[in-house]
>>> print(open('work37.txt').read())   # compact mmCIF, N, CA and C atoms
# COMPACT_ATOMS: atom_id res chain seq x y z
N MET A 103 -23.43 8.00 -45.11
CA MET A 103 -22.00 7.93 -44.86
C MET A 103 -21.33 7.09 -45.94
N SER A 104 -20.14 7.49 -46.22
CA SER A 104 -19.42 6.74 -47.25
C SER A 104 -18.77 5.51 -46.63
N LYS A 105 -18.49 4.58 -47.48
CA LYS A 105 -17.88 3.31 -47.05
C LYS A 105 -16.50 3.54 -46.45
N LYS A 106 -15.71 4.46 -47.02
CA LYS A 106 -14.37 4.75 -46.51
C LYS A 106 -14.44 5.34 -45.10
N ARG A 107 -15.39 6.20 -44.87
CA ARG A 107 -15.53 6.83 -43.56
C ARG A 107 -15.91 5.80 -42.50
N ILE A 108 -16.79 4.88 -42.85
CA ILE A 108 -17.20 3.82 -41.93
C ILE A 108 -16.00 2.93 -41.60
N GLU A 109 -15.21 2.56 -42.60
CA GLU A 109 -14.03 1.73 -42.39
C GLU A 109 -13.02 2.44 -41.50
N LYS A 110 -12.86 3.75 -41.70
CA LYS A 110 -11.93 4.54 -40.91
C LYS A 110 -12.39 4.57 -39.45
N GLU A 111 -13.67 4.76 -39.20
CA GLU A 111 -14.20 4.78 -37.85
C GLU A 111 -14.06 3.43 -37.17
N GLU A 112 -14.30 2.34 -37.93
CA GLU A 112 -14.15 0.99 -37.37
C GLU A 112 -12.70 0.73 -36.99
N ARG A 113 -11.77 1.17 -37.83
CA ARG A 113 -10.34 1.00 -37.56
C ARG A 113 -9.95 1.79 -36.31
N MET A 114 -10.48 3.00 -36.17
CA MET A 114 -10.19 3.83 -35.00
C MET A 114 -10.73 3.17 -33.72
N ILE A 115 -11.91 2.60 -33.80
CA ILE A 115 -12.50 1.93 -32.64
C ILE A 115 -11.64 0.73 -32.24
N ARG A 116 -11.18 -0.05 -33.22
CA ARG A 116 -10.30 -1.19 -32.94
C ARG A 116 -9.01 -0.74 -32.27
N GLU A 117 -8.44 0.35 -32.75
CA GLU A 117 -7.20 0.87 -32.17
C GLU A 117 -7.42 1.33 -30.73
N ILE A 118 -8.54 1.97 -30.48
CA ILE A 118 -8.86 2.40 -29.12
C ILE A 118 -9.02 1.20 -28.20
N ILE A 119 -9.71 0.18 -28.66
CA ILE A 119 -9.91 -1.03 -27.86
C ILE A 119 -8.57 -1.70 -27.56
N ILE A 120 -7.69 -1.76 -28.55
CA ILE A 120 -6.36 -2.35 -28.36
C ILE A 120 -5.57 -1.54 -27.33
N CYS A 121 -5.62 -0.21 -27.43
CA CYS A 121 -4.91 0.65 -26.47
C CYS A 121 -5.44 0.45 -25.06
N ILE A 122 -6.74 0.39 -24.92
CA ILE A 122 -7.35 0.16 -23.60
C ILE A 122 -6.92 -1.20 -23.06
N GLY A 123 -6.91 -2.21 -23.92
CA GLY A 123 -6.47 -3.55 -23.51
C GLY A 123 -5.03 -3.55 -23.02
N ILE A 124 -4.17 -2.84 -23.73
CA ILE A 124 -2.77 -2.76 -23.32
C ILE A 124 -2.63 -2.07 -21.97
N ILE A 125 -3.36 -0.99 -21.77
CA ILE A 125 -3.32 -0.27 -20.49
C ILE A 125 -3.80 -1.16 -19.36
N VAL A 126 -4.88 -1.92 -19.60
CA VAL A 126 -5.40 -2.83 -18.58
C VAL A 126 -4.36 -3.90 -18.23
N ILE A 127 -3.70 -4.44 -19.24
CA ILE A 127 -2.67 -5.46 -19.01
C ILE A 127 -1.52 -4.88 -18.19
N ILE A 128 -1.07 -3.69 -18.55
CA ILE A 128 0.04 -3.05 -17.81
C ILE A 128 -0.36 -2.79 -16.36
N LEU A 129 -1.54 -2.24 -16.15
CA LEU A 129 -1.99 -1.96 -14.78
C LEU A 129 -2.15 -3.24 -13.96
N THR A 130 -2.69 -4.27 -14.56
CA THR A 130 -2.85 -5.55 -13.87
C THR A 130 -1.49 -6.13 -13.49
N GLY A 131 -0.56 -6.11 -14.42
CA GLY A 131 0.79 -6.60 -14.14
C GLY A 131 1.45 -5.80 -13.03
N ASN A 132 1.27 -4.49 -13.05
CA ASN A 132 1.86 -3.65 -12.02
C ASN A 132 1.26 -3.95 -10.65
N ILE A 133 -0.04 -4.14 -10.60
CA ILE A 133 -0.71 -4.45 -9.33
C ILE A 133 -0.21 -5.79 -8.78
N ILE A 134 -0.07 -6.77 -9.64
CA ILE A 134 0.41 -8.09 -9.21
C ILE A 134 1.83 -7.99 -8.66
N THR A 135 2.73 -7.33 -9.41
CA THR A 135 4.12 -7.22 -8.95
C THR A 135 4.22 -6.36 -7.69
N GLN A 136 3.40 -5.32 -7.60
CA GLN A 136 3.41 -4.48 -6.41
C GLN A 136 2.96 -5.25 -5.18
N ASN A 137 1.91 -6.05 -5.32
CA ASN A 137 1.44 -6.86 -4.19
C ASN A 137 2.49 -7.87 -3.76
N TYR A 138 3.15 -8.50 -4.73
CA TYR A 138 4.19 -9.47 -4.43
C TYR A 138 5.35 -8.80 -3.69
N THR A 139 5.76 -7.63 -4.18
CA THR A 139 6.85 -6.89 -3.55
C THR A 139 6.47 -6.48 -2.13
N ASP A 140 5.26 -5.95 -1.96
CA ASP A 140 4.81 -5.53 -0.63
C ASP A 140 4.81 -6.69 0.36
N GLU A 141 4.28 -7.83 -0.06
CA GLU A 141 4.24 -9.01 0.81
C GLU A 141 5.64 -9.46 1.20
N PHE A 142 6.54 -9.50 0.20
CA PHE A 142 7.90 -9.95 0.47
C PHE A 142 8.62 -8.98 1.40
N VAL A 143 8.52 -7.70 1.13
CA VAL A 143 9.20 -6.69 1.95
C VAL A 143 8.69 -6.76 3.39
N ASN A 144 7.39 -6.89 3.57
CA ASN A 144 6.84 -7.00 4.92
C ASN A 144 7.32 -8.26 5.62
N GLU A 145 7.35 -9.37 4.91
CA GLU A 145 7.77 -10.64 5.50
C GLU A 145 9.24 -10.60 5.92
N ILE A 146 10.11 -10.16 5.03
CA ILE A 146 11.53 -10.16 5.37
C ILE A 146 11.85 -9.07 6.40
N SER A 147 11.13 -7.96 6.37
CA SER A 147 11.34 -6.91 7.38
C SER A 147 10.95 -7.41 8.77
N GLU A 148 9.87 -8.17 8.85
CA GLU A 148 9.47 -8.76 10.13
C GLU A 148 10.55 -9.70 10.65
N GLU A 149 11.09 -10.52 9.75
CA GLU A 149 12.16 -11.45 10.14
C GLU A 149 13.39 -10.69 10.61
N LEU A 150 13.74 -9.63 9.93
CA LEU A 150 14.89 -8.82 10.33
C LEU A 150 14.65 -8.15 11.68
N ASN A 151 13.44 -7.68 11.91
CA ASN A 151 13.11 -7.08 13.21
C ASN A 151 13.20 -8.12 14.33
N ARG A 152 12.73 -9.33 14.05
CA ARG A 152 12.84 -10.41 15.05
C ARG A 152 14.30 -10.72 15.34
N LEU A 153 15.11 -10.75 14.28
CA LEU A 153 16.54 -11.01 14.45
C LEU A 153 17.16 -9.92 15.32
N SER A 154 16.77 -8.69 15.09
CA SER A 154 17.28 -7.57 15.89
C SER A 154 16.94 -7.76 17.37
N GLU A 155 15.74 -8.24 17.65
CA GLU A 155 15.34 -8.50 19.03
C GLU A 155 16.13 -9.67 19.63
N ILE A 156 16.40 -10.67 18.81
CA ILE A 156 17.14 -11.85 19.29
C ILE A 156 18.59 -11.48 19.58
N ILE A 157 19.14 -10.56 18.81
CA ILE A 157 20.53 -10.15 19.01
C ILE A 157 20.72 -9.59 20.42
N ILE A 158 19.72 -8.92 20.92
CA ILE A 158 19.81 -8.36 22.27
C ILE A 158 20.05 -9.48 23.28
N LEU A 159 19.43 -10.64 23.04
CA LEU A 159 19.60 -11.78 23.95
C LEU A 159 20.94 -12.48 23.76
N GLU A 160 21.59 -12.25 22.62
CA GLU A 160 22.89 -12.82 22.28
C GLU A 160 22.90 -14.35 22.36
N LYS A 161 21.87 -14.98 21.85
CA LYS A 161 21.82 -16.45 21.80
C LYS A 161 22.24 -16.88 20.40
N LYS A 162 23.48 -17.34 20.30
CA LYS A 162 24.09 -17.63 19.01
C LYS A 162 23.29 -18.66 18.20
N GLU A 163 22.78 -19.70 18.84
CA GLU A 163 22.05 -20.75 18.11
C GLU A 163 20.81 -20.18 17.43
N ILE A 164 20.06 -19.38 18.18
CA ILE A 164 18.84 -18.79 17.64
C ILE A 164 19.17 -17.78 16.54
N ILE A 165 20.24 -17.02 16.77
CA ILE A 165 20.67 -16.03 15.77
C ILE A 165 21.01 -16.73 14.47
N ASN A 166 21.76 -17.82 14.54
CA ASN A 166 22.15 -18.55 13.33
C ASN A 166 20.94 -19.10 12.58
N GLU A 167 19.97 -19.63 13.33
CA GLU A 167 18.75 -20.15 12.71
C GLU A 167 17.99 -19.04 11.98
N LYS A 168 17.88 -17.90 12.63
CA LYS A 168 17.14 -16.77 12.05
C LYS A 168 17.86 -16.25 10.81
N VAL A 169 19.19 -16.18 10.85
CA VAL A 169 19.97 -15.72 9.69
C VAL A 169 19.77 -16.68 8.52
N GLU A 170 19.79 -17.98 8.79
CA GLU A 170 19.57 -18.97 7.73
C GLU A 170 18.17 -18.82 7.14
N LYS A 171 17.19 -18.59 7.99
CA LYS A 171 15.82 -18.41 7.51
C LYS A 171 15.71 -17.18 6.62
N ILE A 172 16.34 -16.08 7.03
CA ILE A 172 16.31 -14.85 6.24
C ILE A 172 17.01 -15.06 4.91
N GLN A 173 18.16 -15.73 4.93
CA GLN A 173 18.89 -15.97 3.68
C GLN A 173 18.11 -16.89 2.74
N SER A 174 17.47 -17.91 3.27
CA SER A 174 16.68 -18.79 2.39
C SER A 174 15.47 -18.04 1.83
N LEU A 175 14.86 -17.20 2.63
CA LEU A 175 13.74 -16.38 2.17
C LEU A 175 14.21 -15.45 1.05
N TRP A 176 15.37 -14.87 1.23
CA TRP A 176 15.93 -13.97 0.21
C TRP A 176 16.22 -14.75 -1.08
N LYS A 177 16.85 -15.90 -0.96
CA LYS A 177 17.20 -16.68 -2.16
C LYS A 177 15.96 -17.14 -2.92
N GLU A 178 14.92 -17.51 -2.19
CA GLU A 178 13.67 -17.95 -2.82
C GLU A 178 13.03 -16.84 -3.65
N ASN A 179 13.09 -15.63 -3.15
CA ASN A 179 12.37 -14.53 -3.77
C ASN A 179 13.22 -13.64 -4.66
N ASN A 180 14.52 -13.69 -4.51
CA ASN A 180 15.41 -12.82 -5.27
C ASN A 180 15.25 -13.01 -6.78
N THR A 181 15.14 -14.25 -7.22
CA THR A 181 15.00 -14.52 -8.65
C THR A 181 13.72 -13.93 -9.21
N LYS A 182 12.64 -14.08 -8.48
CA LYS A 182 11.36 -13.52 -8.94
C LYS A 182 11.39 -11.99 -8.94
N LEU A 183 11.98 -11.42 -7.92
CA LEU A 183 12.05 -9.96 -7.83
C LEU A 183 12.91 -9.38 -8.95
N ALA A 184 13.90 -10.13 -9.39
CA ALA A 184 14.82 -9.65 -10.43
C ALA A 184 14.10 -9.41 -11.75
N TYR A 185 12.93 -9.99 -11.94
CA TYR A 185 12.17 -9.77 -13.18
C TYR A 185 11.65 -8.34 -13.29
N PHE A 186 11.38 -7.70 -12.16
CA PHE A 186 10.74 -6.39 -12.24
C PHE A 186 11.35 -5.33 -11.32
N ILE A 187 12.44 -5.65 -10.65
CA ILE A 187 13.13 -4.66 -9.82
C ILE A 187 14.57 -4.54 -10.30
N GLU A 188 15.08 -3.32 -10.28
CA GLU A 188 16.44 -3.09 -10.74
C GLU A 188 17.43 -3.96 -9.97
N HIS A 189 18.39 -4.51 -10.69
CA HIS A 189 19.36 -5.40 -10.07
C HIS A 189 20.24 -4.67 -9.05
N ASP A 190 20.49 -3.38 -9.28
CA ASP A 190 21.30 -2.60 -8.33
C ASP A 190 20.63 -2.56 -6.96
N GLU A 191 19.32 -2.41 -6.96
CA GLU A 191 18.58 -2.37 -5.70
C GLU A 191 18.69 -3.71 -4.97
N LEU A 192 18.56 -4.79 -5.73
CA LEU A 192 18.64 -6.12 -5.13
C LEU A 192 20.04 -6.42 -4.63
N GLU A 193 21.05 -5.93 -5.34
CA GLU A 193 22.44 -6.13 -4.91
C GLU A 193 22.72 -5.40 -3.60
N LYS A 194 22.11 -4.24 -3.41
CA LYS A 194 22.27 -3.51 -2.15
C LYS A 194 21.77 -4.34 -0.98
N VAL A 195 20.61 -4.96 -1.17
CA VAL A 195 20.04 -5.79 -0.11
C VAL A 195 20.94 -6.99 0.15
N GLU A 196 21.38 -7.64 -0.91
CA GLU A 196 22.21 -8.82 -0.76
C GLU A 196 23.54 -8.48 -0.08
N THR A 197 24.14 -7.38 -0.46
CA THR A 197 25.40 -6.96 0.15
C THR A 197 25.21 -6.67 1.64
N SER A 198 24.13 -6.00 1.95
CA SER A 198 23.85 -5.67 3.35
C SER A 198 23.56 -6.94 4.17
N LEU A 199 22.88 -7.90 3.56
CA LEU A 199 22.62 -9.17 4.26
C LEU A 199 23.93 -9.91 4.56
N GLU A 200 24.83 -9.90 3.59
CA GLU A 200 26.12 -10.56 3.79
C GLU A 200 26.94 -9.85 4.87
N SER A 201 26.91 -8.53 4.86
CA SER A 201 27.61 -7.76 5.90
C SER A 201 27.04 -8.08 7.27
N MET A 202 25.71 -8.13 7.35
CA MET A 202 25.05 -8.46 8.61
C MET A 202 25.51 -9.83 9.11
N LYS A 203 25.53 -10.78 8.21
CA LYS A 203 25.95 -12.14 8.58
C LYS A 203 27.40 -12.14 9.07
N SER A 204 28.26 -11.41 8.39
CA SER A 204 29.67 -11.34 8.80
C SER A 204 29.81 -10.74 10.19
N TYR A 205 29.10 -9.66 10.44
CA TYR A 205 29.16 -9.03 11.77
C TYR A 205 28.64 -9.97 12.85
N LEU A 206 27.62 -10.73 12.53
CA LEU A 206 27.09 -11.67 13.52
C LEU A 206 28.08 -12.80 13.80
N GLU A 207 28.80 -13.23 12.78
CA GLU A 207 29.78 -14.31 12.97
C GLU A 207 30.90 -13.90 13.91
N VAL A 208 31.28 -12.63 13.88
CA VAL A 208 32.34 -12.15 14.77
C VAL A 208 31.77 -11.50 16.03
N ARG A 209 30.48 -11.62 16.20
CA ARG A 209 29.74 -11.13 17.37
C ARG A 209 29.85 -9.63 17.57
N ASP A 210 29.89 -8.91 16.46
CA ASP A 210 29.84 -7.45 16.51
C ASP A 210 28.38 -7.07 16.34
N TYR A 211 27.63 -7.16 17.43
CA TYR A 211 26.18 -7.02 17.38
C TYR A 211 25.72 -5.60 17.05
N ASP A 212 26.50 -4.61 17.46
CA ASP A 212 26.11 -3.23 17.14
C ASP A 212 26.13 -2.99 15.62
N GLN A 213 27.20 -3.44 14.98
CA GLN A 213 27.28 -3.28 13.53
C GLN A 213 26.24 -4.13 12.82
N ALA A 214 25.97 -5.32 13.36
CA ALA A 214 24.95 -6.19 12.76
C ALA A 214 23.58 -5.52 12.82
N LYS A 215 23.29 -4.89 13.95
CA LYS A 215 22.00 -4.18 14.08
C LYS A 215 21.94 -3.01 13.11
N ASN A 216 23.07 -2.33 12.90
CA ASN A 216 23.10 -1.25 11.91
C ASN A 216 22.79 -1.78 10.52
N GLU A 217 23.35 -2.92 10.18
CA GLU A 217 23.08 -3.53 8.87
C GLU A 217 21.62 -3.97 8.75
N ILE A 218 21.05 -4.45 9.84
CA ILE A 218 19.63 -4.83 9.82
C ILE A 218 18.78 -3.60 9.53
N ASP A 219 19.08 -2.51 10.23
CA ASP A 219 18.34 -1.27 10.00
C ASP A 219 18.53 -0.77 8.56
N LYS A 220 19.74 -0.88 8.07
CA LYS A 220 20.03 -0.48 6.69
C LYS A 220 19.24 -1.32 5.70
N ASN A 221 19.19 -2.63 5.96
CA ASN A 221 18.43 -3.54 5.11
C ASN A 221 16.95 -3.19 5.09
N ILE A 222 16.40 -2.95 6.23
CA ILE A 222 14.97 -2.60 6.31
C ILE A 222 14.72 -1.30 5.55
N PHE A 223 15.62 -0.34 5.70
CA PHE A 223 15.48 0.93 4.99
C PHE A 223 15.50 0.70 3.47
N ILE A 224 16.46 -0.09 3.00
CA ILE A 224 16.57 -0.37 1.56
C ILE A 224 15.31 -1.07 1.05
N LEU A 225 14.83 -2.05 1.80
CA LEU A 225 13.63 -2.78 1.40
C LEU A 225 12.41 -1.87 1.34
N LYS A 226 12.26 -1.01 2.33
CA LYS A 226 11.13 -0.06 2.32
C LYS A 226 11.27 0.93 1.16
N HIS A 227 12.51 1.30 0.85
CA HIS A 227 12.76 2.19 -0.29
C HIS A 227 12.33 1.51 -1.59
N ILE A 228 12.69 0.25 -1.74
CA ILE A 228 12.29 -0.52 -2.94
C ILE A 228 10.77 -0.58 -3.03
N GLU A 229 10.13 -0.88 -1.92
CA GLU A 229 8.67 -0.97 -1.89
C GLU A 229 8.04 0.36 -2.32
N LYS A 230 8.55 1.46 -1.79
CA LYS A 230 8.00 2.77 -2.11
C LYS A 230 8.31 3.16 -3.56
N LYS A 231 9.50 2.83 -4.01
CA LYS A 231 9.93 3.20 -5.36
C LYS A 231 9.07 2.56 -6.44
N TYR A 232 8.58 1.36 -6.19
CA TYR A 232 7.82 0.64 -7.20
C TYR A 232 6.31 0.68 -6.97
N ASP A 233 5.86 1.53 -6.02
CA ASP A 233 4.42 1.72 -5.85
C ASP A 233 3.84 2.44 -7.04
N LEU A 234 2.61 2.11 -7.37
CA LEU A 234 1.91 2.79 -8.45
C LEU A 234 1.22 4.01 -7.87
N ASN A 235 1.83 5.17 -8.10
CA ASN A 235 1.22 6.42 -7.66
C ASN A 235 1.65 7.53 -8.62
N LEU A 236 1.00 8.66 -8.51
CA LEU A 236 1.28 9.76 -9.44
C LEU A 236 2.72 10.25 -9.35
N GLU A 237 3.28 10.24 -8.16
CA GLU A 237 4.65 10.70 -7.97
C GLU A 237 5.62 9.85 -8.79
N ASN A 238 5.40 8.55 -8.83
CA ASN A 238 6.29 7.65 -9.57
C ASN A 238 6.01 7.64 -11.07
N ILE A 239 4.81 8.07 -11.47
CA ILE A 239 4.47 8.08 -12.90
C ILE A 239 5.04 9.31 -13.57
N PHE A 240 4.96 10.46 -12.90
CA PHE A 240 5.41 11.72 -13.51
C PHE A 240 6.70 12.16 -12.95
>>> encode(input="work37.txt", output="structure tokens")
Amino acid sequence: MSKKRIEKEERMIREIIICIGIIVIILTGNIITQNYTDEFVNEISEELNRLSEIIILEKKEIINEKVEKIQSLWKENNTKLAYFIEHDELEKVETSLESMKSYLEVRDYDQAKNEIDKNIFILKHIEKKYDLNLENIF
């Protein structure tokens, strides 16, 4: 074999290794962000479902505590989520949370429950949209 051919093959092998490394890094990053998103969506959805159950009891003190907990949970995670989720999606959740809070303040529990359901739907949509699967790749 000639020296040029050996150098060309070595360069090709290095390029392949670099490409594989990049793919591994991308997949690892996607798995980490997907797990974080899944955990957050499940946690906040559970809190919203609990709030929906509490609304039936119409206990204002408990409702206010739960709303504060949901809002603090959202504020803690919103910044991290903004790194890898479209801001429009996050704004939908935030707008719906504010609407829910407003309806609860005026004790319009039916509309508040609608906003809770809307929020859960948006969160599940975000979770599904950012899953790593063939449908989202192609």
>>> closest_residue(input="work37.txt", among="A:Phe223, A:Tyr232, A:Tyr138, A:Trp176", to="Glu188 in chain A", atoms="only C-alpha atoms")
A:Tyr232
>>> atom_distance(input="work37.txt", atom1="atom N of Ile134 in chain A", atom2="atom C of Ile228 in chain A")
14.1 Å
>>> closest_residue(input="work37.txt", among="A:Ser104, A:Ala214, A:Glu207, A:Ile224", to="Asp190 in chain A", atoms="only C-alpha atoms")
A:Ile224
>>> closest_residue(input="work37.txt", among="A:Lys106, A:Ile133, A:Leu234, A:Leu153", to="Ile218 in chain A", atoms="all atoms listed in the file")
A:Leu153
>>> closest_residue(input="work37.txt", among="A:Ser154, A:Thr181, A:Ile124, A:Glu163", to="Lys215 in chain A", atoms="all atoms listed in the file")
A:Ser154
>>> residues_near_point(input="work37.txt", point="(5.8, -4.9, -14.3)", cutoff="6 Å", atoms="only N, CA and C atoms", output="PyMOL selection string")
chain A and resi 131-132+186
>>> atom_distance(input="work37.txt", atom1="CA of Glu167 in chain A", atom2="CA of Lys203 in chain A")
11.5 Å
>>> atom_distance(input="work37.txt", atom1="CA of Glu160 in chain A", atom2="CA of Tyr205 in chain A")
12.8 Å
>>> residues_around(input="work37.txt", residues="Ile222 in chain A", least_positions_apart="3", cutoff="8 Å", atoms="only N, CA and C atoms", output="MDAnalysis selection string")
chainID A and resid 146:148 150:151 195 216:219 225:228
>>> closest_residue(input="work37.txt", among="A:Asn166, A:Thr130, A:Asn144, A:Thr139", to="Ser204 in chain A", atoms="only C-alpha atoms")
A:Asn166
>>> decode(input="work37.txt", residues="range 123-194 of chain A", atoms="C-alpha atoms", output="tab-separated table (two decimals), in the first residue's frame")
chain	number	residue	atom	x	y	z
A	123	GLY	CA	-18.87	10.72	18.90
A	124	ILE	CA	-21.11	13.58	17.83
A	125	ILE	CA	-24.09	11.25	17.40
A	126	VAL	CA	-23.49	9.76	20.86
A	127	ILE	CA	-23.32	13.24	22.40
A	128	ILE	CA	-26.55	14.32	20.67
A	129	LEU	CA	-28.40	11.16	21.72
A	130	THR	CA	-27.16	11.44	25.31
A	131	GLY	CA	-28.22	15.07	25.50
A	132	ASN	CA	-31.62	14.21	24.07
A	133	ILE	CA	-32.13	11.40	26.57
A	134	ILE	CA	-31.20	13.67	29.48
A	135	THR	CA	-33.53	16.49	28.37
A	136	GLN	CA	-36.32	14.03	27.60
A	137	ASN	CA	-36.08	12.47	31.06
A	138	TYR	CA	-36.08	15.90	32.69
A	139	THR	CA	-39.12	16.96	30.66
A	140	ASP	CA	-40.99	13.73	31.42
A	141	GLU	CA	-40.34	14.04	35.17
A	142	PHE	CA	-41.40	17.69	35.23
A	143	VAL	CA	-44.55	17.13	33.17
A	144	ASN	CA	-45.59	14.21	35.38
A	145	GLU	CA	-44.92	16.17	38.57
A	146	ILE	CA	-46.80	19.31	37.56
A	147	SER	CA	-49.65	17.28	36.00
A	148	GLU	CA	-50.09	15.43	39.30
A	149	GLU	CA	-50.22	18.76	41.14
A	150	LEU	CA	-52.79	20.10	38.69
A	151	ASN	CA	-54.91	16.97	39.08
A	152	ARG	CA	-54.77	17.35	42.87
A	153	LEU	CA	-55.81	20.99	42.51
A	154	SER	CA	-58.74	19.89	40.35
A	155	GLU	CA	-59.83	17.51	43.11
A	156	ILE	CA	-59.45	20.23	45.76
A	157	ILE	CA	-61.57	22.64	43.71
A	158	ILE	CA	-64.50	20.28	44.13
A	159	LEU	CA	-64.23	20.81	47.90
A	160	GLU	CA	-64.06	24.61	47.37
A	161	LYS	CA	-61.63	25.17	50.25
A	162	LYS	CA	-60.05	28.50	49.38
A	163	GLU	CA	-57.06	28.17	51.76
A	164	ILE	CA	-56.01	24.81	50.34
A	165	ILE	CA	-56.62	25.99	46.78
A	166	ASN	CA	-54.36	29.01	47.31
A	167	GLU	CA	-51.59	26.86	48.78
A	168	LYS	CA	-51.77	24.43	45.86
A	169	VAL	CA	-51.74	27.27	43.30
A	170	GLU	CA	-48.65	28.77	44.97
A	171	LYS	CA	-46.95	25.38	44.93
A	172	ILE	CA	-47.73	24.91	41.23
A	173	GLN	CA	-46.50	28.40	40.38
A	174	SER	CA	-43.25	27.95	42.32
A	175	LEU	CA	-42.72	24.58	40.63
A	176	TRP	CA	-43.27	26.24	37.25
A	177	LYS	CA	-40.90	29.12	38.01
A	178	GLU	CA	-38.17	26.74	39.21
A	179	ASN	CA	-38.29	24.66	36.05
A	180	ASN	CA	-39.30	27.16	33.39
A	181	THR	CA	-35.78	28.55	33.00
A	182	LYS	CA	-34.26	25.10	32.54
A	183	LEU	CA	-36.97	24.03	30.11
A	184	ALA	CA	-36.41	27.17	28.03
A	185	TYR	CA	-32.99	25.82	27.01
A	186	PHE	CA	-34.48	23.02	24.94
A	187	ILE	CA	-38.22	23.66	24.50
A	188	GLU	CA	-39.75	26.27	22.22
A	189	HIS	CA	-40.65	29.44	24.07
A	190	ASP	CA	-44.10	29.51	22.43
A	191	GLU	CA	-44.95	26.20	24.07
A	192	LEU	CA	-43.81	27.45	27.47
A	193	GLU	CA	-45.77	30.68	27.06
A	194	LYS	CA	-48.94	28.67	26.42
